[in-house]
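Visitor: Hey, dropping coords.txt in here, compact mmCIF, N, CA and C atoms:
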# COMPACT_ATOMS: atom_id res chain seq x y z
N MET A 178 -13.90 11.58 45.91
CA MET A 178 -12.67 11.02 46.46
C MET A 178 -11.79 10.57 45.31
N PRO A 179 -10.52 10.98 45.26
CA PRO A 179 -9.61 10.49 44.23
C PRO A 179 -9.39 8.98 44.39
N LYS A 180 -9.16 8.30 43.29
CA LYS A 180 -9.00 6.84 43.27
C LYS A 180 -7.54 6.44 43.40
N LEU A 181 -7.27 5.39 44.19
CA LEU A 181 -5.94 4.78 44.24
C LEU A 181 -5.84 3.73 43.14
N ASP A 182 -4.67 3.60 42.54
CA ASP A 182 -4.47 2.61 41.48
C ASP A 182 -3.69 1.39 41.94
N GLY A 183 -3.33 1.31 43.21
CA GLY A 183 -2.62 0.15 43.73
C GLY A 183 -1.46 0.57 44.60
N VAL A 184 -0.79 -0.42 45.18
CA VAL A 184 0.42 -0.17 45.96
C VAL A 184 1.59 -0.29 45.00
N LEU A 185 2.36 0.76 44.85
CA LEU A 185 3.47 0.80 43.90
C LEU A 185 4.75 0.22 44.49
N GLU A 186 5.05 0.61 45.74
CA GLU A 186 6.31 0.18 46.37
C GLU A 186 6.03 -0.43 47.73
N THR A 187 6.82 -1.42 48.06
CA THR A 187 6.86 -2.00 49.40
C THR A 187 8.31 -1.99 49.83
N ALA A 188 8.58 -1.54 51.04
CA ALA A 188 9.96 -1.46 51.52
C ALA A 188 10.19 -2.39 52.70
N LEU A 189 11.33 -3.08 52.65
CA LEU A 189 11.82 -3.86 53.78
C LEU A 189 13.15 -3.26 54.19
N TYR A 190 13.41 -3.24 55.48
CA TYR A 190 14.67 -2.73 56.01
C TYR A 190 15.49 -3.92 56.47
N VAL A 191 16.75 -3.97 56.02
CA VAL A 191 17.59 -5.15 56.22
C VAL A 191 18.90 -4.77 56.91
N ALA A 192 19.47 -5.72 57.62
CA ALA A 192 20.73 -5.50 58.33
C ALA A 192 21.94 -5.65 57.42
N ASP A 193 21.88 -6.57 56.49
CA ASP A 193 23.01 -6.89 55.63
C ASP A 193 22.52 -6.93 54.18
N MET A 194 22.87 -5.91 53.40
CA MET A 194 22.36 -5.81 52.03
C MET A 194 22.82 -6.97 51.16
N ALA A 195 24.07 -7.38 51.28
CA ALA A 195 24.57 -8.49 50.45
C ALA A 195 23.80 -9.77 50.75
N ARG A 196 23.55 -10.05 52.03
CA ARG A 196 22.80 -11.24 52.42
C ARG A 196 21.36 -11.16 51.91
N ALA A 197 20.74 -10.00 52.06
CA ALA A 197 19.36 -9.83 51.60
C ALA A 197 19.27 -9.96 50.08
N ARG A 198 20.22 -9.35 49.37
CA ARG A 198 20.21 -9.45 47.91
C ARG A 198 20.38 -10.90 47.47
N ALA A 199 21.27 -11.63 48.12
CA ALA A 199 21.47 -13.04 47.77
C ALA A 199 20.15 -13.80 47.92
N PHE A 200 19.44 -13.57 49.01
CA PHE A 200 18.16 -14.26 49.23
C PHE A 200 17.14 -13.90 48.16
N PHE A 201 16.92 -12.61 47.94
CA PHE A 201 15.87 -12.21 47.01
C PHE A 201 16.22 -12.53 45.55
N GLU A 202 17.49 -12.61 45.24
CA GLU A 202 17.88 -12.95 43.87
C GLU A 202 17.98 -14.46 43.66
N GLU A 203 18.57 -15.17 44.60
CA GLU A 203 18.77 -16.61 44.42
C GLU A 203 17.53 -17.42 44.79
N VAL A 204 16.88 -17.09 45.89
CA VAL A 204 15.72 -17.85 46.34
C VAL A 204 14.45 -17.38 45.65
N MET A 205 14.24 -16.06 45.60
CA MET A 205 13.00 -15.53 45.05
C MET A 205 13.06 -15.24 43.56
N GLY A 206 14.26 -15.26 42.97
CA GLY A 206 14.41 -15.09 41.53
C GLY A 206 14.21 -13.67 41.03
N LEU A 207 14.37 -12.68 41.90
CA LEU A 207 14.20 -11.29 41.49
C LEU A 207 15.49 -10.74 40.89
N SER A 208 15.34 -9.79 39.98
CA SER A 208 16.49 -9.12 39.36
C SER A 208 16.45 -7.64 39.72
N PRO A 209 17.55 -7.11 40.25
CA PRO A 209 17.55 -5.68 40.60
C PRO A 209 17.59 -4.82 39.34
N PHE A 210 16.89 -3.69 39.39
CA PHE A 210 17.00 -2.74 38.29
C PHE A 210 17.60 -1.42 38.73
N ASN A 211 17.83 -1.28 40.03
CA ASN A 211 18.53 -0.11 40.54
C ASN A 211 19.08 -0.48 41.92
N ALA A 212 20.30 -0.04 42.20
CA ALA A 212 20.90 -0.37 43.49
C ALA A 212 22.09 0.54 43.77
N ASP A 213 22.35 0.75 45.04
CA ASP A 213 23.60 1.34 45.49
C ASP A 213 23.89 0.76 46.87
N HIS A 214 24.78 1.36 47.63
CA HIS A 214 25.18 0.78 48.91
C HIS A 214 24.05 0.76 49.94
N ARG A 215 23.04 1.61 49.78
CA ARG A 215 22.00 1.72 50.80
C ARG A 215 20.67 1.10 50.42
N PHE A 216 20.44 0.82 49.11
CA PHE A 216 19.15 0.25 48.71
C PHE A 216 19.28 -0.60 47.45
N THR A 217 18.27 -1.45 47.26
CA THR A 217 18.13 -2.24 46.04
C THR A 217 16.66 -2.22 45.66
N ALA A 218 16.37 -2.03 44.37
CA ALA A 218 15.01 -2.01 43.86
C ALA A 218 14.80 -3.20 42.92
N TYR A 219 13.69 -3.93 43.14
CA TYR A 219 13.35 -5.09 42.33
C TYR A 219 11.96 -4.92 41.71
N ASP A 220 11.80 -5.43 40.50
CA ASP A 220 10.48 -5.58 39.91
C ASP A 220 9.80 -6.72 40.66
N ALA A 221 8.66 -6.43 41.25
CA ALA A 221 7.96 -7.46 42.04
C ALA A 221 6.66 -7.86 41.37
N GLY A 222 6.69 -8.03 40.07
CA GLY A 222 5.53 -8.54 39.38
C GLY A 222 4.92 -7.62 38.34
N GLY A 223 5.66 -6.66 37.87
CA GLY A 223 5.18 -5.83 36.78
C GLY A 223 4.63 -4.49 37.17
N ARG A 224 3.80 -4.42 38.20
CA ARG A 224 3.23 -3.13 38.61
C ARG A 224 3.64 -2.73 40.02
N SER A 225 4.54 -3.48 40.63
CA SER A 225 4.98 -3.12 41.97
C SER A 225 6.48 -3.32 42.09
N VAL A 226 7.05 -2.57 43.02
CA VAL A 226 8.49 -2.58 43.25
C VAL A 226 8.75 -2.98 44.70
N LEU A 227 9.69 -3.90 44.90
CA LEU A 227 10.16 -4.23 46.23
C LEU A 227 11.46 -3.48 46.45
N LEU A 228 11.49 -2.66 47.50
CA LEU A 228 12.68 -1.90 47.86
C LEU A 228 13.29 -2.49 49.12
N LEU A 229 14.59 -2.74 49.08
CA LEU A 229 15.34 -3.12 50.27
C LEU A 229 16.19 -1.93 50.67
N PHE A 230 16.12 -1.53 51.93
CA PHE A 230 16.95 -0.46 52.46
C PHE A 230 17.75 -1.00 53.63
N ARG A 231 19.01 -0.61 53.72
CA ARG A 231 19.81 -0.96 54.90
C ARG A 231 19.32 -0.13 56.08
N HIS A 232 19.17 -0.79 57.23
CA HIS A 232 18.79 -0.08 58.45
C HIS A 232 19.71 1.12 58.66
N GLY A 233 19.11 2.26 58.96
CA GLY A 233 19.87 3.45 59.30
C GLY A 233 20.42 4.23 58.13
N GLU A 234 20.28 3.75 56.91
CA GLU A 234 20.87 4.43 55.74
C GLU A 234 19.92 5.43 55.10
N THR A 235 18.70 5.56 55.61
CA THR A 235 17.73 6.46 54.99
C THR A 235 17.18 7.47 56.00
N GLN A 236 17.99 7.81 56.99
CA GLN A 236 17.52 8.70 58.04
C GLN A 236 17.82 10.17 57.76
N GLU A 237 18.42 10.45 56.63
CA GLU A 237 18.69 11.83 56.20
C GLU A 237 17.95 12.09 54.90
N THR A 238 17.54 13.32 54.68
CA THR A 238 16.91 13.69 53.42
C THR A 238 17.88 13.45 52.28
N VAL A 239 17.40 12.82 51.22
CA VAL A 239 18.21 12.58 50.02
C VAL A 239 17.89 13.69 49.02
N VAL A 240 18.92 14.42 48.60
CA VAL A 240 18.77 15.45 47.58
C VAL A 240 19.18 14.83 46.25
N LEU A 241 18.23 14.77 45.34
CA LEU A 241 18.47 14.14 44.04
C LEU A 241 19.15 15.13 43.09
N PRO A 242 19.92 14.61 42.13
CA PRO A 242 20.63 15.48 41.20
C PRO A 242 19.68 16.16 40.20
N ASP A 243 20.20 17.15 39.52
CA ASP A 243 19.50 17.81 38.41
C ASP A 243 18.14 18.38 38.81
N ASP A 244 18.06 18.93 40.03
CA ASP A 244 16.83 19.54 40.52
C ASP A 244 15.61 18.61 40.47
N MET A 245 15.87 17.29 40.64
CA MET A 245 14.76 16.33 40.64
C MET A 245 13.93 16.43 41.92
N GLY A 246 14.53 16.92 43.00
CA GLY A 246 13.79 17.06 44.26
C GLY A 246 14.47 16.32 45.39
N THR A 247 13.67 15.99 46.39
CA THR A 247 14.20 15.34 47.59
C THR A 247 13.33 14.17 47.98
N ILE A 248 13.92 13.26 48.75
CA ILE A 248 13.19 12.15 49.36
C ILE A 248 13.34 12.30 50.87
N PRO A 249 12.23 12.45 51.61
CA PRO A 249 12.32 12.63 53.05
C PRO A 249 12.88 11.39 53.75
N PRO A 250 13.40 11.57 54.97
CA PRO A 250 13.93 10.45 55.74
C PRO A 250 12.85 9.42 56.07
N HIS A 251 13.27 8.16 56.16
CA HIS A 251 12.39 7.08 56.57
C HIS A 251 13.26 5.95 57.09
N ASP A 252 12.67 5.05 57.84
CA ASP A 252 13.37 3.87 58.33
C ASP A 252 12.31 2.95 58.93
N GLY A 253 12.65 1.73 59.16
CA GLY A 253 11.72 0.78 59.75
C GLY A 253 12.47 -0.18 60.65
N ASP A 254 11.73 -0.79 61.55
CA ASP A 254 12.34 -1.72 62.48
C ASP A 254 11.34 -2.84 62.77
N GLY A 255 11.86 -3.97 63.07
CA GLY A 255 11.01 -5.10 63.40
C GLY A 255 10.74 -5.98 62.19
N ARG A 256 10.17 -7.12 62.48
CA ARG A 256 9.86 -8.09 61.43
C ARG A 256 8.48 -7.75 60.88
N VAL A 257 8.41 -7.55 59.57
CA VAL A 257 7.14 -7.20 58.94
C VAL A 257 6.71 -8.31 58.00
N HIS A 258 5.54 -8.14 57.41
CA HIS A 258 4.94 -9.14 56.54
C HIS A 258 4.68 -8.55 55.17
N LEU A 259 4.93 -9.35 54.13
CA LEU A 259 4.49 -9.00 52.79
C LEU A 259 4.18 -10.26 52.04
N ALA A 260 3.24 -10.15 51.10
CA ALA A 260 2.80 -11.31 50.32
C ALA A 260 3.09 -11.08 48.85
N PHE A 261 3.60 -12.11 48.19
CA PHE A 261 3.80 -12.11 46.74
C PHE A 261 2.66 -12.91 46.12
N ALA A 262 2.06 -12.37 45.07
CA ALA A 262 1.02 -13.08 44.34
C ALA A 262 1.68 -14.08 43.40
N ILE A 263 1.15 -15.30 43.40
CA ILE A 263 1.64 -16.34 42.48
C ILE A 263 0.44 -17.05 41.87
N ALA A 264 0.65 -17.69 40.74
CA ALA A 264 -0.39 -18.50 40.12
C ALA A 264 -0.58 -19.78 40.93
N ALA A 265 -1.80 -20.28 40.95
CA ALA A 265 -2.09 -21.51 41.70
C ALA A 265 -1.22 -22.67 41.22
N GLU A 266 -0.99 -22.76 39.92
CA GLU A 266 -0.19 -23.86 39.38
C GLU A 266 1.30 -23.74 39.70
N ALA A 267 1.73 -22.59 40.22
CA ALA A 267 3.14 -22.40 40.59
C ALA A 267 3.43 -22.78 42.03
N LEU A 268 2.40 -23.07 42.81
CA LEU A 268 2.59 -23.33 44.25
C LEU A 268 3.56 -24.49 44.50
N ALA A 269 3.40 -25.60 43.83
CA ALA A 269 4.28 -26.76 44.04
C ALA A 269 5.72 -26.43 43.64
N ASP A 270 5.90 -25.70 42.55
CA ASP A 270 7.25 -25.30 42.14
C ASP A 270 7.90 -24.41 43.20
N TRP A 271 7.11 -23.50 43.79
CA TRP A 271 7.66 -22.64 44.85
C TRP A 271 8.03 -23.46 46.09
N GLU A 272 7.22 -24.44 46.42
CA GLU A 272 7.56 -25.31 47.56
C GLU A 272 8.90 -26.00 47.30
N GLY A 273 9.10 -26.48 46.08
CA GLY A 273 10.37 -27.10 45.71
C GLY A 273 11.53 -26.13 45.76
N GLN A 274 11.31 -24.91 45.29
CA GLN A 274 12.35 -23.87 45.32
C GLN A 274 12.77 -23.56 46.75
N LEU A 275 11.81 -23.40 47.63
CA LEU A 275 12.12 -23.11 49.03
C LEU A 275 12.87 -24.29 49.66
N ALA A 276 12.41 -25.50 49.42
CA ALA A 276 13.07 -26.70 49.96
C ALA A 276 14.50 -26.80 49.44
N HIS A 277 14.69 -26.53 48.16
CA HIS A 277 16.03 -26.59 47.55
C HIS A 277 17.02 -25.65 48.26
N HIS A 278 16.51 -24.52 48.73
CA HIS A 278 17.37 -23.54 49.42
C HIS A 278 17.32 -23.68 50.93
N GLY A 279 16.68 -24.74 51.44
CA GLY A 279 16.64 -24.96 52.88
C GLY A 279 15.78 -23.97 53.63
N ILE A 280 14.79 -23.39 52.97
CA ILE A 280 13.91 -22.41 53.61
C ILE A 280 12.70 -23.16 54.18
N ALA A 281 12.52 -23.05 55.48
CA ALA A 281 11.41 -23.74 56.15
C ALA A 281 10.08 -23.03 55.90
N ILE A 282 9.06 -23.79 55.57
CA ILE A 282 7.71 -23.25 55.48
C ILE A 282 7.14 -23.25 56.89
N GLU A 283 6.81 -22.06 57.40
CA GLU A 283 6.33 -21.93 58.78
C GLU A 283 4.83 -22.08 58.90
N GLY A 284 4.12 -21.84 57.82
CA GLY A 284 2.66 -21.94 57.89
C GLY A 284 2.08 -22.14 56.50
N ARG A 285 0.89 -22.69 56.50
CA ARG A 285 0.15 -22.93 55.26
C ARG A 285 -1.31 -22.67 55.58
N THR A 286 -1.98 -21.94 54.69
CA THR A 286 -3.38 -21.62 54.90
C THR A 286 -4.16 -21.94 53.63
N HIS A 287 -5.33 -22.56 53.81
CA HIS A 287 -6.28 -22.82 52.73
C HIS A 287 -7.45 -21.88 52.98
N TRP A 288 -7.58 -20.85 52.14
CA TRP A 288 -8.57 -19.80 52.35
C TRP A 288 -9.94 -20.20 51.83
N PRO A 289 -11.03 -19.69 52.46
CA PRO A 289 -12.39 -20.04 52.05
C PRO A 289 -12.70 -19.75 50.57
N ARG A 290 -12.07 -18.75 49.97
CA ARG A 290 -12.31 -18.42 48.57
C ARG A 290 -11.51 -19.30 47.61
N GLY A 291 -10.72 -20.25 48.15
CA GLY A 291 -9.97 -21.18 47.32
C GLY A 291 -8.49 -20.90 47.20
N GLY A 292 -8.04 -19.77 47.69
CA GLY A 292 -6.61 -19.45 47.64
C GLY A 292 -5.82 -20.23 48.67
N GLU A 293 -4.52 -20.33 48.42
CA GLU A 293 -3.61 -20.95 49.37
C GLU A 293 -2.44 -20.01 49.63
N SER A 294 -1.91 -20.07 50.83
CA SER A 294 -0.75 -19.28 51.21
C SER A 294 0.31 -20.15 51.85
N LEU A 295 1.56 -19.87 51.50
CA LEU A 295 2.72 -20.45 52.18
C LEU A 295 3.45 -19.31 52.87
N TYR A 296 3.90 -19.54 54.11
CA TYR A 296 4.60 -18.52 54.88
C TYR A 296 6.01 -19.00 55.22
N PHE A 297 6.98 -18.10 55.09
CA PHE A 297 8.38 -18.40 55.39
C PHE A 297 9.09 -17.10 55.72
N ARG A 298 10.35 -17.19 56.14
CA ARG A 298 11.10 -16.00 56.57
C ARG A 298 12.27 -15.70 55.63
N ASP A 299 12.58 -14.41 55.51
CA ASP A 299 13.81 -14.01 54.84
C ASP A 299 14.92 -13.96 55.89
N PRO A 300 16.17 -13.68 55.51
CA PRO A 300 17.26 -13.69 56.49
C PRO A 300 17.13 -12.67 57.62
N ASP A 301 16.31 -11.62 57.42
CA ASP A 301 16.10 -10.63 58.47
C ASP A 301 14.88 -10.94 59.33
N GLY A 302 14.24 -12.07 59.10
CA GLY A 302 13.10 -12.48 59.91
C GLY A 302 11.76 -11.94 59.44
N HIS A 303 11.73 -11.23 58.30
CA HIS A 303 10.46 -10.76 57.77
C HIS A 303 9.62 -11.96 57.34
N LEU A 304 8.33 -11.90 57.59
CA LEU A 304 7.43 -12.98 57.21
C LEU A 304 6.98 -12.75 55.76
N LEU A 305 7.40 -13.66 54.88
CA LEU A 305 7.02 -13.59 53.48
C LEU A 305 5.93 -14.61 53.21
N GLU A 306 5.05 -14.27 52.30
CA GLU A 306 3.93 -15.13 51.94
C GLU A 306 3.89 -15.26 50.42
N LEU A 307 3.60 -16.46 49.96
CA LEU A 307 3.28 -16.71 48.56
C LEU A 307 1.80 -17.03 48.54
N ALA A 308 1.01 -16.25 47.80
CA ALA A 308 -0.44 -16.39 47.84
C ALA A 308 -1.01 -16.61 46.44
N THR A 309 -1.89 -17.59 46.33
CA THR A 309 -2.55 -17.87 45.05
C THR A 309 -3.89 -17.13 45.00
N PRO A 310 -4.47 -16.96 43.82
CA PRO A 310 -5.77 -16.29 43.72
C PRO A 310 -6.81 -16.97 44.60
N GLY A 311 -7.67 -16.14 45.19
CA GLY A 311 -8.71 -16.63 46.09
C GLY A 311 -8.43 -16.32 47.53
N VAL A 312 -7.43 -15.48 47.79
CA VAL A 312 -7.11 -15.09 49.17
C VAL A 312 -8.02 -13.95 49.62
N TRP A 313 -8.19 -12.97 48.77
CA TRP A 313 -8.99 -11.78 49.07
C TRP A 313 -10.07 -11.60 48.01
N PRO A 314 -11.09 -10.80 48.29
CA PRO A 314 -12.08 -10.50 47.24
C PRO A 314 -11.44 -9.83 46.02
N THR A 315 -10.34 -9.14 46.23
CA THR A 315 -9.65 -8.46 45.12
C THR A 315 -8.59 -9.33 44.46
N TYR A 316 -8.29 -10.49 45.04
CA TYR A 316 -7.29 -11.39 44.46
C TYR A 316 -7.68 -12.83 44.73
How would this structure read if it were set down as structure tokens?
Guide:
Amino acid sequence: MPKLDGVLETALYVADMARARAFFEEVMGLSPFNADHRFTAYDAGGRSVLLLFRHGETQETVVLPDDMGTIPPHDGDGRVHLAFAIAAEALADWEGQLAHHGIAIEGRTHWPRGGESLYFRDPDGHLLELATPGVWPTY
């Protein structure tokens, strides 16, 4: 069986790109490295990329320039979940950052392996999690 090396990209579909970008840049501290009217790409920790796509903007095949190839259509709907890995010592700073921006913490979990999770929502209602080591056997 070929081996997987990890999840490279995670995509969220958003209604308002400017609003979503403001949240992920101002609240989450991410910096875009590629963007246009339909998507924004962020470094999400060195080995993974967070992609934001506007609803309905990726339903046609994208033909890339210079014979690079194509990207098939995709789209998503509904509120989804994703977790960001953080250091245990950063948890209190993240709580302060969320409070500073008026972001309500909807849930908190203390995991048996010692990890902690904070849960909150982005402007599109996606459930975001900040998770410290000890949540999973792999983290």
Visitor: Each residue of stretch 289-316 of chain A with at least one atom at most 8 Å from stretch 196-207 of chain A should appear once, together with its nearest atom pair and the corresponding distance in Å (one decimal); atoms considered: only N, CA and C atoms; ordering: chain, then increasing residue number; output as JSON lines.
Guide:
{"residue": "A:Asp299", "atom": "CA", "partner": "A:Phe200", "partner_atom": "CA", "distance": 7.1}
{"residue": "A:Pro300", "atom": "N", "partner": "A:Ala197", "partner_atom": "CA", "distance": 6.3}
{"residue": "A:Asp301", "atom": "N", "partner": "A:Ala197", "partner_atom": "CA", "distance": 6.8}
Visitor: Between atom C of A:Ala188 and atom CA of A:Thr315, what distance in Å does the model show, to one decimal?
Guide: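 Interatomic distance here is 22.1 Å.
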Visitor: When you draw a straight line from atom CA of A:Ile248 to atom N of A:Glu186, how long is it in Å?
Guide: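 That distance, rounded to one decimal, is 14.6 Å.
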Visitor: Which is closer to A:Leu185 than all the others in A:Gln274, A:Thr309, A:Thr247, A:Ser225, using only N, CA and C atoms?
Guide: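 Selected residue with least distance to A:Leu185: A:Ser225.
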Visitor: Expressed in Å to a single decimal, how great is the separation between atom N of A:Leu228 and atom C of A:Ala267?
Guide: 22.4 Å
Visitor: Please, which residues of chain A, numbered as in this document, come out alpha helix (DSSP H) from DSSP, as number ranges by chain?
Guide: A: 194-199, 268-277
